[in-house]
Amino acid sequence: MTAAGSPIAVITGASSGIGAATARQLAAAGYHVVVTARRKDRIEALAAEITAAGHLASAYALDVTDRTAVDAFAAELGGFPSVNVLVNNAGGALGADPVATGDPADWRQMYETNVIGTLNLTQALLPALTASGDGTVVVLSSTAGHSTYEGGAGYVAAKHGAHVLAETLRLEIVGTPVRVIEIAPGMVKTEEFATTRFRGDTKKAAKVYAGVAEPLTADDVADTITWAVTRPSHVNIDLLVVRPRAQASNTKVHREL
């Protein structure tokens, strides 16, 4: 149950990294966070941690690419007075192969998670966000959604899709009480992103950050999301690109080697 007057924030992909950090920070900002991800044990532990800290949290195991499950989740949220914020964080990258040899299965999975997953949750919760009278949709894209780099076309294509989804949605729902915010992080070092991309190869994952003294952290991005969400209702942060100081572009990074 939610405390009277506490706005509801749904965060996808909350089992680790940016999603988990965002849940902690939005909870501390006064939101009742509903944390979702496929790994039930992780999100239940996160919800318990947030609750133990004196905040409000609920956990719901969910695969964002499963539309039937997403619709059931949306129906269950009908038990809350309203839904105020949706943070579409679930996503990720697989592989770093060139276009000529990229695995179509990897491309398909990245598109399903980063784009279709965002579409599923946004469609399912948009009526409740609108009915709240003060809704916010956050799309976590990436600097990969705004420029290309070699060996990343599958991920770049998916994140371009997420960017276009956010940009188009903002045009289509203008005049309704719902903001659409896109946060596009650059190099972020989390416990799983690069390791997952390289299928557990920790040496390849470490090379991504080699020589970079201070890449962004999950907390840095969560702080950015929380700041954007907590602006006054009439203020819409259309697009916020955030990189570490050492990164000038996707391909220009200062490394102290």
# chains A, B, ... in the order shown; residues from 1 in each chain; ligands from 1
call {"tool": "residues_around", "arguments": {"residues": "range 64-78 of chain A", "least_positions_apart": "2", "cutoff": "9 Å", "atoms": "only C-alpha atoms", "output": "PDB file with all heavy atoms, in the first residue's frame"}}
result
ATOM      1  N   THR A  12      11.777   0.485 -14.394  1.00  0.00           N
ATOM      2  CA  THR A  12      12.069  -0.808 -15.006  1.00  0.00           C
ATOM      3  C   THR A  12      13.572  -1.072 -14.972  1.00  0.00           C
ATOM      4  O   THR A  12      14.374  -0.153 -14.834  1.00  0.00           O
ATOM      5  CB  THR A  12      11.573  -0.871 -16.459  1.00  0.00           C
ATOM      6  OG1 THR A  12      12.350   0.022 -17.284  1.00  0.00           O
ATOM      7  CG2 THR A  12      10.092  -0.497 -16.546  1.00  0.00           C
ATOM      8  N   GLY A  13      13.940  -2.332 -15.076  1.00  0.00           N
ATOM      9  CA  GLY A  13      15.355  -2.685 -15.046  1.00  0.00           C
ATOM     10  C   GLY A  13      16.014  -2.272 -13.747  1.00  0.00           C
ATOM     11  O   GLY A  13      17.165  -1.831 -13.726  1.00  0.00           O
ATOM     12  N   THR A  36      10.791  -2.895 -10.855  1.00  0.00           N
ATOM     13  CA  THR A  36      10.512  -4.052 -11.692  1.00  0.00           C
ATOM     14  C   THR A  36      11.783  -4.521 -12.392  1.00  0.00           C
ATOM     15  O   THR A  36      12.677  -3.724 -12.696  1.00  0.00           O
ATOM     16  CB  THR A  36       9.448  -3.740 -12.766  1.00  0.00           C
ATOM     17  OG1 THR A  36      10.026  -2.923 -13.787  1.00  0.00           O
ATOM     18  CG2 THR A  36       8.249  -3.033 -12.165  1.00  0.00           C
ATOM     19  N   ALA A  37      11.856  -5.805 -12.630  1.00  0.00           N
ATOM     20  CA  ALA A  37      12.937  -6.442 -13.378  1.00  0.00           C
ATOM     21  C   ALA A  37      12.605  -7.932 -13.449  1.00  0.00           C
ATOM     22  O   ALA A  37      11.693  -8.402 -12.776  1.00  0.00           O
ATOM     23  CB  ALA A  37      14.291  -6.230 -12.706  1.00  0.00           C
ATOM     24  N   ARG A  38      13.353  -8.652 -14.235  1.00  0.00           N
ATOM     25  CA  ARG A  38      13.113 -10.094 -14.331  1.00  0.00           C
ATOM     26  C   ARG A  38      13.609 -10.836 -13.105  1.00  0.00           C
ATOM     27  O   ARG A  38      13.051 -11.853 -12.725  1.00  0.00           O
ATOM     28  CB  ARG A  38      13.788 -10.649 -15.590  1.00  0.00           C
ATOM     29  CG  ARG A  38      13.141 -10.195 -16.895  1.00  0.00           C
ATOM     30  CD  ARG A  38      13.934 -10.664 -18.097  1.00  0.00           C
ATOM     31  NE  ARG A  38      15.275 -10.093 -18.098  1.00  0.00           N
ATOM     32  CZ  ARG A  38      16.216 -10.406 -18.987  1.00  0.00           C
ATOM     33  NH1 ARG A  38      15.950 -11.297 -19.939  1.00  0.00           N
ATOM     34  NH2 ARG A  38      17.397  -9.841 -18.943  1.00  0.00           N
ATOM     35  N   TYR A  60       7.996  -5.947  -8.216  1.00  0.00           N
ATOM     36  CA  TYR A  60       7.142  -6.696  -9.133  1.00  0.00           C
ATOM     37  C   TYR A  60       8.020  -7.290 -10.227  1.00  0.00           C
ATOM     38  O   TYR A  60       8.631  -6.555 -10.999  1.00  0.00           O
ATOM     39  CB  TYR A  60       6.089  -5.774  -9.754  1.00  0.00           C
ATOM     40  CG  TYR A  60       4.968  -6.484 -10.459  1.00  0.00           C
ATOM     41  CD1 TYR A  60       3.713  -6.619  -9.873  1.00  0.00           C
ATOM     42  CD2 TYR A  60       5.148  -7.020 -11.734  1.00  0.00           C
ATOM     43  CE1 TYR A  60       2.670  -7.268 -10.524  1.00  0.00           C
ATOM     44  CE2 TYR A  60       4.116  -7.669 -12.395  1.00  0.00           C
ATOM     45  CZ  TYR A  60       2.881  -7.786 -11.784  1.00  0.00           C
ATOM     46  OH  TYR A  60       1.855  -8.436 -12.434  1.00  0.00           O
ATOM     47  N   LEU A  62       9.041  -8.625 -13.632  1.00  0.00           N
ATOM     48  CA  LEU A  62       8.455  -8.285 -14.918  1.00  0.00           C
ATOM     49  C   LEU A  62       9.486  -8.339 -16.034  1.00  0.00           C
ATOM     50  O   LEU A  62      10.596  -7.838 -15.893  1.00  0.00           O
ATOM     51  CB  LEU A  62       7.866  -6.869 -14.854  1.00  0.00           C
ATOM     52  CG  LEU A  62       7.151  -6.346 -16.095  1.00  0.00           C
ATOM     53  CD1 LEU A  62       5.891  -7.150 -16.373  1.00  0.00           C
ATOM     54  CD2 LEU A  62       6.823  -4.865 -15.945  1.00  0.00           C
ATOM     55  N   PHE A  80      -3.357   1.348  -6.913  1.00  0.00           N
ATOM     56  CA  PHE A  80      -2.777   2.575  -6.380  1.00  0.00           C
ATOM     57  C   PHE A  80      -3.657   3.762  -6.769  1.00  0.00           C
ATOM     58  O   PHE A  80      -4.350   3.718  -7.792  1.00  0.00           O
ATOM     59  CB  PHE A  80      -1.371   2.791  -6.936  1.00  0.00           C
ATOM     60  CG  PHE A  80      -0.334   1.868  -6.378  1.00  0.00           C
ATOM     61  CD1 PHE A  80       0.141   0.798  -7.132  1.00  0.00           C
ATOM     62  CD2 PHE A  80       0.177   2.061  -5.113  1.00  0.00           C
ATOM     63  CE1 PHE A  80       1.107  -0.049  -6.628  1.00  0.00           C
ATOM     64  CE2 PHE A  80       1.146   1.214  -4.585  1.00  0.00           C
ATOM     65  CZ  PHE A  80       1.612   0.156  -5.347  1.00  0.00           C
ATOM     66  N   PRO A  81      -3.634   4.815  -5.977  1.00  0.00           N
ATOM     67  CA  PRO A  81      -4.444   6.000  -6.317  1.00  0.00           C
ATOM     68  C   PRO A  81      -4.102   6.586  -7.681  1.00  0.00           C
ATOM     69  O   PRO A  81      -4.969   7.091  -8.394  1.00  0.00           O
ATOM     70  CB  PRO A  81      -4.111   6.989  -5.195  1.00  0.00           C
ATOM     71  CG  PRO A  81      -3.645   6.148  -4.059  1.00  0.00           C
ATOM     72  CD  PRO A  81      -2.938   4.979  -4.693  1.00  0.00           C
ATOM     73  N   SER A  82      -2.822   6.544  -8.067  1.00  0.00           N
ATOM     74  CA  SER A  82      -2.397   7.082  -9.353  1.00  0.00           C
ATOM     75  C   SER A  82      -0.993   6.573  -9.653  1.00  0.00           C
ATOM     76  O   SER A  82      -0.329   5.990  -8.803  1.00  0.00           O
ATOM     77  CB  SER A  82      -2.407   8.618  -9.345  1.00  0.00           C
ATOM     78  OG  SER A  82      -1.424   9.106  -8.440  1.00  0.00           O
ATOM     79  N   VAL A  83      -0.560   6.781 -10.882  1.00  0.00           N
ATOM     80  CA  VAL A  83       0.830   6.541 -11.258  1.00  0.00           C
ATOM     81  C   VAL A  83       1.362   7.856 -11.782  1.00  0.00           C
ATOM     82  O   VAL A  83       0.766   8.458 -12.674  1.00  0.00           O
ATOM     83  CB  VAL A  83       0.953   5.441 -12.332  1.00  0.00           C
ATOM     84  CG1 VAL A  83       2.417   5.254 -12.739  1.00  0.00           C
ATOM     85  CG2 VAL A  83       0.378   4.120 -11.830  1.00  0.00           C
ATOM     86  N   ALA A  90      15.003  -0.215 -18.423  1.00  0.00           N
ATOM     87  CA  ALA A  90      15.402  -1.542 -18.904  1.00  0.00           C
ATOM     88  C   ALA A  90      15.984  -1.443 -20.307  1.00  0.00           C
ATOM     89  O   ALA A  90      15.423  -0.783 -21.179  1.00  0.00           O
ATOM     90  CB  ALA A  90      14.202  -2.488 -18.895  1.00  0.00           C
ATOM     91  N   GLU A 112      14.162  -5.345 -28.952  1.00  0.00           N
ATOM     92  CA  GLU A 112      13.013  -5.754 -28.141  1.00  0.00           C
ATOM     93  C   GLU A 112      13.070  -5.129 -26.746  1.00  0.00           C
ATOM     94  O   GLU A 112      12.063  -4.642 -26.232  1.00  0.00           O
ATOM     95  CB  GLU A 112      12.964  -7.281 -28.021  1.00  0.00           C
ATOM     96  CG  GLU A 112      12.492  -7.992 -29.270  1.00  0.00           C
ATOM     97  CD  GLU A 112      10.993  -7.877 -29.490  1.00  0.00           C
ATOM     98  OE1 GLU A 112      10.263  -7.650 -28.508  1.00  0.00           O
ATOM     99  OE2 GLU A 112      10.556  -8.013 -30.644  1.00  0.00           O
ATOM    100  N   THR A 113      14.234  -5.145 -26.127  1.00  0.00           N
ATOM    101  CA  THR A 113      14.352  -4.632 -24.759  1.00  0.00           C
ATOM    102  C   THR A 113      14.351  -3.108 -24.719  1.00  0.00           C
ATOM    103  O   THR A 113      13.594  -2.493 -23.960  1.00  0.00           O
ATOM    104  CB  THR A 113      15.637  -5.161 -24.101  1.00  0.00           C
ATOM    105  OG1 THR A 113      15.666  -6.583 -24.195  1.00  0.00           O
ATOM    106  CG2 THR A 113      15.687  -4.764 -22.632  1.00  0.00           C
ATOM    107  N   ILE A 116      10.932  -1.919 -27.816  1.00  0.00           N
ATOM    108  CA  ILE A 116       9.607  -2.504 -27.607  1.00  0.00           C
ATOM    109  C   ILE A 116       9.257  -2.546 -26.124  1.00  0.00           C
ATOM    110  O   ILE A 116       8.108  -2.297 -25.737  1.00  0.00           O
ATOM    111  CB  ILE A 116       9.522  -3.909 -28.224  1.00  0.00           C
ATOM    112  CG1 ILE A 116       9.839  -3.860 -29.724  1.00  0.00           C
ATOM    113  CG2 ILE A 116       8.141  -4.511 -27.993  1.00  0.00           C
ATOM    114  CD1 ILE A 116       8.920  -2.943 -30.526  1.00  0.00           C
ATOM    115  N   GLY A 117      10.239  -2.816 -25.271  1.00  0.00           N
ATOM    116  CA  GLY A 117       9.977  -2.786 -23.832  1.00  0.00           C
ATOM    117  C   GLY A 117       9.527  -1.410 -23.374  1.00  0.00           C
ATOM    118  O   GLY A 117       8.572  -1.277 -22.592  1.00  0.00           O
ATOM    119  N   THR A 118      10.192  -0.375 -23.869  1.00  0.00           N
ATOM    120  CA  THR A 118       9.799   0.997 -23.545  1.00  0.00           C
ATOM    121  C   THR A 118       8.407   1.299 -24.087  1.00  0.00           C
ATOM    122  O   THR A 118       7.575   1.925 -23.409  1.00  0.00           O
ATOM    123  CB  THR A 118      10.826   1.985 -24.111  1.00  0.00           C
ATOM    124  OG1 THR A 118      12.086   1.767 -23.469  1.00  0.00           O
ATOM    125  CG2 THR A 118      10.394   3.429 -23.894  1.00  0.00           C
ATOM    126  N   ASN A 120       6.007  -0.898 -24.670  1.00  0.00           N
ATOM    127  CA  ASN A 120       5.023  -1.661 -23.894  1.00  0.00           C
ATOM    128  C   ASN A 120       4.634  -0.942 -22.606  1.00  0.00           C
ATOM    129  O   ASN A 120       3.449  -0.771 -22.297  1.00  0.00           O
ATOM    130  CB  ASN A 120       5.577  -3.048 -23.560  1.00  0.00           C
ATOM    131  CG  ASN A 120       5.551  -4.006 -24.735  1.00  0.00           C
ATOM    132  OD1 ASN A 120       4.834  -3.794 -25.705  1.00  0.00           O
ATOM    133  ND2 ASN A 120       6.340  -5.066 -24.641  1.00  0.00           N
ATOM    134  N   LEU A 121       5.637  -0.555 -21.828  1.00  0.00           N
ATOM    135  CA  LEU A 121       5.347   0.095 -20.539  1.00  0.00           C
ATOM    136  C   LEU A 121       4.690   1.446 -20.741  1.00  0.00           C
ATOM    137  O   LEU A 121       3.754   1.815 -20.017  1.00  0.00           O
ATOM    138  CB  LEU A 121       6.642   0.253 -19.730  1.00  0.00           C
ATOM    139  CG  LEU A 121       6.960  -0.833 -18.713  1.00  0.00           C
ATOM    140  CD1 LEU A 121       5.949  -0.849 -17.576  1.00  0.00           C
ATOM    141  CD2 LEU A 121       7.053  -2.203 -19.348  1.00  0.00           C
ATOM    142  N   ALA A 124       1.061   0.975 -21.792  1.00  0.00           N
ATOM    143  CA  ALA A 124       0.247   0.402 -20.721  1.00  0.00           C
ATOM    144  C   ALA A 124      -0.032   1.397 -19.597  1.00  0.00           C
ATOM    145  O   ALA A 124      -1.111   1.371 -18.991  1.00  0.00           O
ATOM    146  CB  ALA A 124       0.933  -0.839 -20.157  1.00  0.00           C
ATOM    147  N   LEU A 125       0.932   2.279 -19.317  1.00  0.00           N
ATOM    148  CA  LEU A 125       0.789   3.182 -18.167  1.00  0.00           C
ATOM    149  C   LEU A 125       0.408   4.605 -18.548  1.00  0.00           C
ATOM    150  O   LEU A 125       0.090   5.407 -17.659  1.00  0.00           O
ATOM    151  CB  LEU A 125       2.090   3.205 -17.353  1.00  0.00           C
ATOM    152  CG  LEU A 125       2.500   1.882 -16.714  1.00  0.00           C
ATOM    153  CD1 LEU A 125       3.716   2.076 -15.816  1.00  0.00           C
ATOM    154  CD2 LEU A 125       1.366   1.271 -15.907  1.00  0.00           C
ATOM    155  N   ALA A 128      -2.877   5.964 -17.014  1.00  0.00           N
ATOM    156  CA  ALA A 128      -2.777   6.269 -15.583  1.00  0.00           C
ATOM    157  C   ALA A 128      -1.917   7.506 -15.342  1.00  0.00           C
ATOM    158  O   ALA A 128      -2.218   8.329 -14.461  1.00  0.00           O
ATOM    159  CB  ALA A 128      -2.198   5.077 -14.828  1.00  0.00           C
TER     160      ALA A 128
END
call {"tool": "select_by_dssp", "arguments": {"residues": "range 38-176 of chain A", "states": "alpha helix (DSSP H)", "output": "ChimeraX atom specification"}}
result
/A:40-52,67-76,104-111,117-131,153-172
call {"tool": "closest_atom_pairs", "arguments": {"of": "range 26-144 of chain A", "to": "range 193-213 of chain A", "cutoff": "6 Å", "atoms": "only C-alpha atoms", "output": "Markdown table"}}
result
| residue | atom | partner | partner_atom | distance |
| --- | --- | --- | --- | --- |
| A:Ala93 | CA | A:Arg197 | CA | 5.2 |
| A:Leu94 | CA | A:Arg197 | CA | 4.2 |
| A:Gly95 | CA | A:Arg197 | CA | 5.2 |
call {"tool": "write_last_selection", "arguments": {"atoms": "N, CA, C and O atoms", "output": "short mmCIF file (atom, residue, chain, number, x, y, z; two decimals), in the first residue's frame"}}
result
data_model
loop_
_atom_site.label_atom_id
_atom_site.label_comp_id
_atom_site.auth_asym_id
_atom_site.auth_seq_id
_atom_site.Cartn_x
_atom_site.Cartn_y
_atom_site.Cartn_z
N ALA A 93 23.16 -3.66 -23.88
CA ALA A 93 23.86 -3.91 -25.13
C ALA A 93 24.35 -5.35 -25.18
O ALA A 93 24.65 -5.96 -24.14
N LEU A 94 24.45 -5.90 -26.39
CA LEU A 94 24.99 -7.24 -26.61
C LEU A 94 25.96 -7.19 -27.77
O LEU A 94 25.60 -6.80 -28.88
N GLY A 95 27.20 -7.56 -27.51
CA GLY A 95 28.19 -7.64 -28.56
C GLY A 95 28.73 -6.30 -29.03
O GLY A 95 28.19 -5.25 -28.72
#
call {"tool": "closest_residue", "arguments": {"among": "A:Gly91, A:Gly79, A:Gly161, A:Pro127", "to": "Ser16 in chain A", "atoms": "only C-alpha atoms"}}
result
A:Gly91
call {"tool": "select_by_dssp", "arguments": {"residues": "range 78-218 of chain A", "states": "strand (DSSP E)", "output": "ChimeraX atom specification"}}
result
/A:85-88,135-140,178-185
call {"tool": "closest_residue", "arguments": {"among": "A:Pro7, A:Val34, A:Gly152, A:Ser58", "to": "Ser132 in chain A", "atoms": "only C-alpha atoms"}}
result
A:Pro7
call {"tool": "residues_around", "arguments": {"residues": "Asp238 in chain A", "least_positions_apart": "4", "cutoff": "10 Å", "atoms": "only C-alpha atoms", "output": "list of chain:residue names"}}
result
A:Val138, A:Ala166, A:Glu167, A:Arg170, A:Arg179, A:Val180, A:Ile181, A:Glu182, A:Ile183, A:Ala228
call {"tool": "write_last_selection", "arguments": {"atoms": "N, CA and C atoms", "output": "PDB file, in the first residue's frame"}}
result
ATOM      1  N   VAL A 138      10.003   8.989 -18.400  1.00  0.00           N
ATOM      2  CA  VAL A 138      11.441   9.136 -18.604  1.00  0.00           C
ATOM      3  C   VAL A 138      11.917   7.996 -19.491  1.00  0.00           C
ATOM      4  N   ALA A 166      10.819   8.705 -27.761  1.00  0.00           N
ATOM      5  CA  ALA A 166      10.605   9.795 -26.799  1.00  0.00           C
ATOM      6  C   ALA A 166      10.268  11.101 -27.509  1.00  0.00           C
ATOM      7  N   GLU A 167      11.011  11.401 -28.551  1.00  0.00           N
ATOM      8  CA  GLU A 167      10.805  12.661 -29.273  1.00  0.00           C
ATOM      9  C   GLU A 167       9.421  12.715 -29.913  1.00  0.00           C
ATOM     10  N   ARG A 170       6.528  13.016 -27.297  1.00  0.00           N
ATOM     11  CA  ARG A 170       6.400  14.390 -26.789  1.00  0.00           C
ATOM     12  C   ARG A 170       5.553  15.249 -27.735  1.00  0.00           C
ATOM     13  N   ARG A 179       4.773  14.948 -19.001  1.00  0.00           N
ATOM     14  CA  ARG A 179       6.061  15.356 -19.559  1.00  0.00           C
ATOM     15  C   ARG A 179       6.774  14.133 -20.128  1.00  0.00           C
ATOM     16  N   VAL A 180       7.623  14.356 -21.127  1.00  0.00           N
ATOM     17  CA  VAL A 180       8.461  13.295 -21.676  1.00  0.00           C
ATOM     18  C   VAL A 180       9.915  13.763 -21.591  1.00  0.00           C
ATOM     19  N   ILE A 181      10.688  13.052 -20.795  1.00  0.00           N
ATOM     20  CA  ILE A 181      12.078  13.417 -20.531  1.00  0.00           C
ATOM     21  C   ILE A 181      12.991  12.327 -21.086  1.00  0.00           C
ATOM     22  N   GLU A 182      14.010  12.731 -21.809  1.00  0.00           N
ATOM     23  CA  GLU A 182      15.014  11.769 -22.272  1.00  0.00           C
ATOM     24  C   GLU A 182      16.346  12.082 -21.603  1.00  0.00           C
ATOM     25  N   ILE A 183      16.917  11.068 -20.967  1.00  0.00           N
ATOM     26  CA  ILE A 183      18.245  11.181 -20.376  1.00  0.00           C
ATOM     27  C   ILE A 183      19.177  10.299 -21.199  1.00  0.00           C
ATOM     28  N   ALA A 228      15.728  15.841 -12.904  1.00  0.00           N
ATOM     29  CA  ALA A 228      14.807  16.160 -14.003  1.00  0.00           C
ATOM     30  C   ALA A 228      13.354  15.894 -13.606  1.00  0.00           C
TER      31      ALA A 228
END
call {"tool": "atom_distance", "arguments": {"atom1": "CA of Ala45 in chain A", "atom2": "CA of Ala20 in chain A"}}
result
10.6 Å
call {"tool": "residues_around", "arguments": {"residues": "Ala222 in chain A", "least_positions_apart": "5", "cutoff": "12 Å", "atoms": "only C-alpha atoms", "output": "ChimeraX atom specification"}}
result
/A:11,14,16-29,87,89,138,140,183-185,188,216-217,227-229,242
call {"tool": "closest_residue", "arguments": {"among": "A:Gln247, A:Glu150, A:Val235, A:Val174", "to": "Gly186 in chain A", "atoms": "only C-alpha atoms"}}
result
A:Gln247
call {"tool": "atom_distance", "arguments": {"atom1": "CA of Gly135 in chain A", "atom2": "CA of Ala218 in chain A"}}
result
23.9 Å
call {"tool": "residues_around", "arguments": {"residues": "Leu119 in chain A", "least_positions_apart": "4", "cutoff": "9 Å", "atoms": "only C-alpha atoms", "output": "ChimeraX atom specification"}}
result
/A:114-115,123-124,162,165
call {"tool": "write_last_selection", "arguments": {"atoms": "N, CA, C and O atoms", "output": "compact mmCIF listing (two decimals), in the first residue's frame"}}
result
# COMPACT_ATOMS: atom_id res chain seq x y z
N ASN A 114 15.20 -2.49 -25.55
CA ASN A 114 15.36 -1.03 -25.48
C ASN A 114 14.20 -0.25 -26.07
O ASN A 114 13.88 0.84 -25.59
N VAL A 115 13.57 -0.80 -27.11
CA VAL A 115 12.52 -0.06 -27.82
C VAL A 115 11.13 -0.64 -27.52
O VAL A 115 10.25 0.06 -27.01
N GLN A 123 2.84 2.55 -23.30
CA GLN A 123 1.45 2.39 -23.72
C GLN A 123 0.56 1.93 -22.58
O GLN A 123 -0.56 2.43 -22.39
N ALA A 124 1.06 0.97 -21.79
CA ALA A 124 0.25 0.40 -20.72
C ALA A 124 -0.03 1.40 -19.60
O ALA A 124 -1.11 1.37 -18.99
N ALA A 162 14.93 4.34 -29.29
CA ALA A 162 14.40 4.86 -28.03
C ALA A 162 14.32 6.38 -28.05
O ALA A 162 13.35 6.98 -27.56
N LEU A 165 11.39 7.40 -30.21
CA LEU A 165 10.14 7.13 -29.49
C LEU A 165 9.82 8.29 -28.54
O LEU A 165 8.70 8.81 -28.52
call {"tool": "closest_residue", "arguments": {"among": "A:Thr101, A:Thr226, A:Gly133, A:Arg108", "to": "Ala9 in chain A", "atoms": "only C-alpha atoms"}}
result
A:Thr226
call {"tool": "atom_distance", "arguments": {"atom1": "CA of Arg39 in chain A", "atom2": "CA of Thr51 in chain A"}}
result
18.6 Å
call {"tool": "residues_around", "arguments": {"residues": "Ala144 in chain A", "least_positions_apart": "5", "cutoff": "8 Å", "atoms": "only C-alpha atoms", "output": "list in words"}}
result
Tyr149, Tyr155, Val156, Lys159, His160, Gly186 and Asn250 of chain A
call {"tool": "closest_residue", "arguments": {"among": "A:Ile225, A:Ser6, A:Ser15, A:Val85", "to": "Leu56 in chain A", "atoms": "only C-alpha atoms"}}
result
A:Ser6
call {"tool": "closest_residue", "arguments": {"among": "A:Tyr31, A:Pro98, A:Asp223, A:Leu240", "to": "Thr148 in chain A", "atoms": "only C-alpha atoms"}}
result
A:Pro98
call {"tool": "decode", "arguments": {"residues": "range 225-237 of chain A", "atoms": "N, CA and C atoms", "output": "mmCIF file, in the first residue's frame"}}
result
data_model
loop_
_atom_site.group_PDB
_atom_site.id
_atom_site.type_symbol
_atom_site.label_atom_id
_atom_site.label_comp_id
_atom_site.auth_asym_id
_atom_site.auth_seq_id
_atom_site.Cartn_x
_atom_site.Cartn_y
_atom_site.Cartn_z
ATOM 1 N N ILE A 225 18.489 11.868 -13.292
ATOM 2 C CA ILE A 225 17.081 11.495 -13.490
ATOM 3 C C ILE A 225 16.209 12.121 -12.412
ATOM 4 N N THR A 226 16.642 11.993 -11.170
ATOM 5 C CA THR A 226 15.851 12.514 -10.051
ATOM 6 C C THR A 226 15.705 14.025 -10.144
ATOM 7 N N TRP A 227 16.777 14.715 -10.518
ATOM 8 C CA TRP A 227 16.701 16.168 -10.691
ATOM 9 C C TRP A 227 15.673 16.530 -11.759
ATOM 10 N N ALA A 228 15.728 15.841 -12.904
ATOM 11 C CA ALA A 228 14.807 16.160 -14.003
ATOM 12 C C ALA A 228 13.354 15.894 -13.606
ATOM 13 N N VAL A 229 13.126 14.770 -12.935
ATOM 14 C CA VAL A 229 11.766 14.392 -12.535
ATOM 15 C C VAL A 229 11.188 15.353 -11.503
ATOM 16 N N THR A 230 12.024 15.877 -10.642
ATOM 17 C CA THR A 230 11.543 16.717 -9.542
ATOM 18 C C THR A 230 11.529 18.214 -9.875
ATOM 19 N N ARG A 231 11.724 18.571 -11.144
ATOM 20 C CA ARG A 231 11.534 19.978 -11.527
ATOM 21 C C ARG A 231 10.050 20.308 -11.424
ATOM 22 N N PRO A 232 9.702 21.598 -11.313
ATOM 23 C CA PRO A 232 8.287 21.979 -11.287
ATOM 24 C C PRO A 232 7.537 21.412 -12.491
ATOM 25 N N SER A 233 6.262 21.144 -12.302
ATOM 26 C CA SER A 233 5.471 20.443 -13.318
ATOM 27 C C SER A 233 5.507 21.094 -14.692
ATOM 28 N N HIS A 234 5.644 22.412 -14.739
ATOM 29 C CA HIS A 234 5.620 23.086 -16.038
ATOM 30 C C HIS A 234 6.971 23.054 -16.740
ATOM 31 N N VAL A 235 7.986 22.501 -16.086
ATOM 32 C CA VAL A 235 9.342 22.458 -16.650
ATOM 33 C C VAL A 235 9.605 21.065 -17.212
ATOM 34 N N ASN A 236 9.855 20.989 -18.512
ATOM 35 C CA ASN A 236 10.146 19.709 -19.164
ATOM 36 C C ASN A 236 11.599 19.694 -19.631
ATOM 37 N N ILE A 237 12.363 18.765 -19.119
ATOM 38 C CA ILE A 237 13.741 18.586 -19.579
ATOM 39 C C ILE A 237 13.669 17.653 -20.779
#
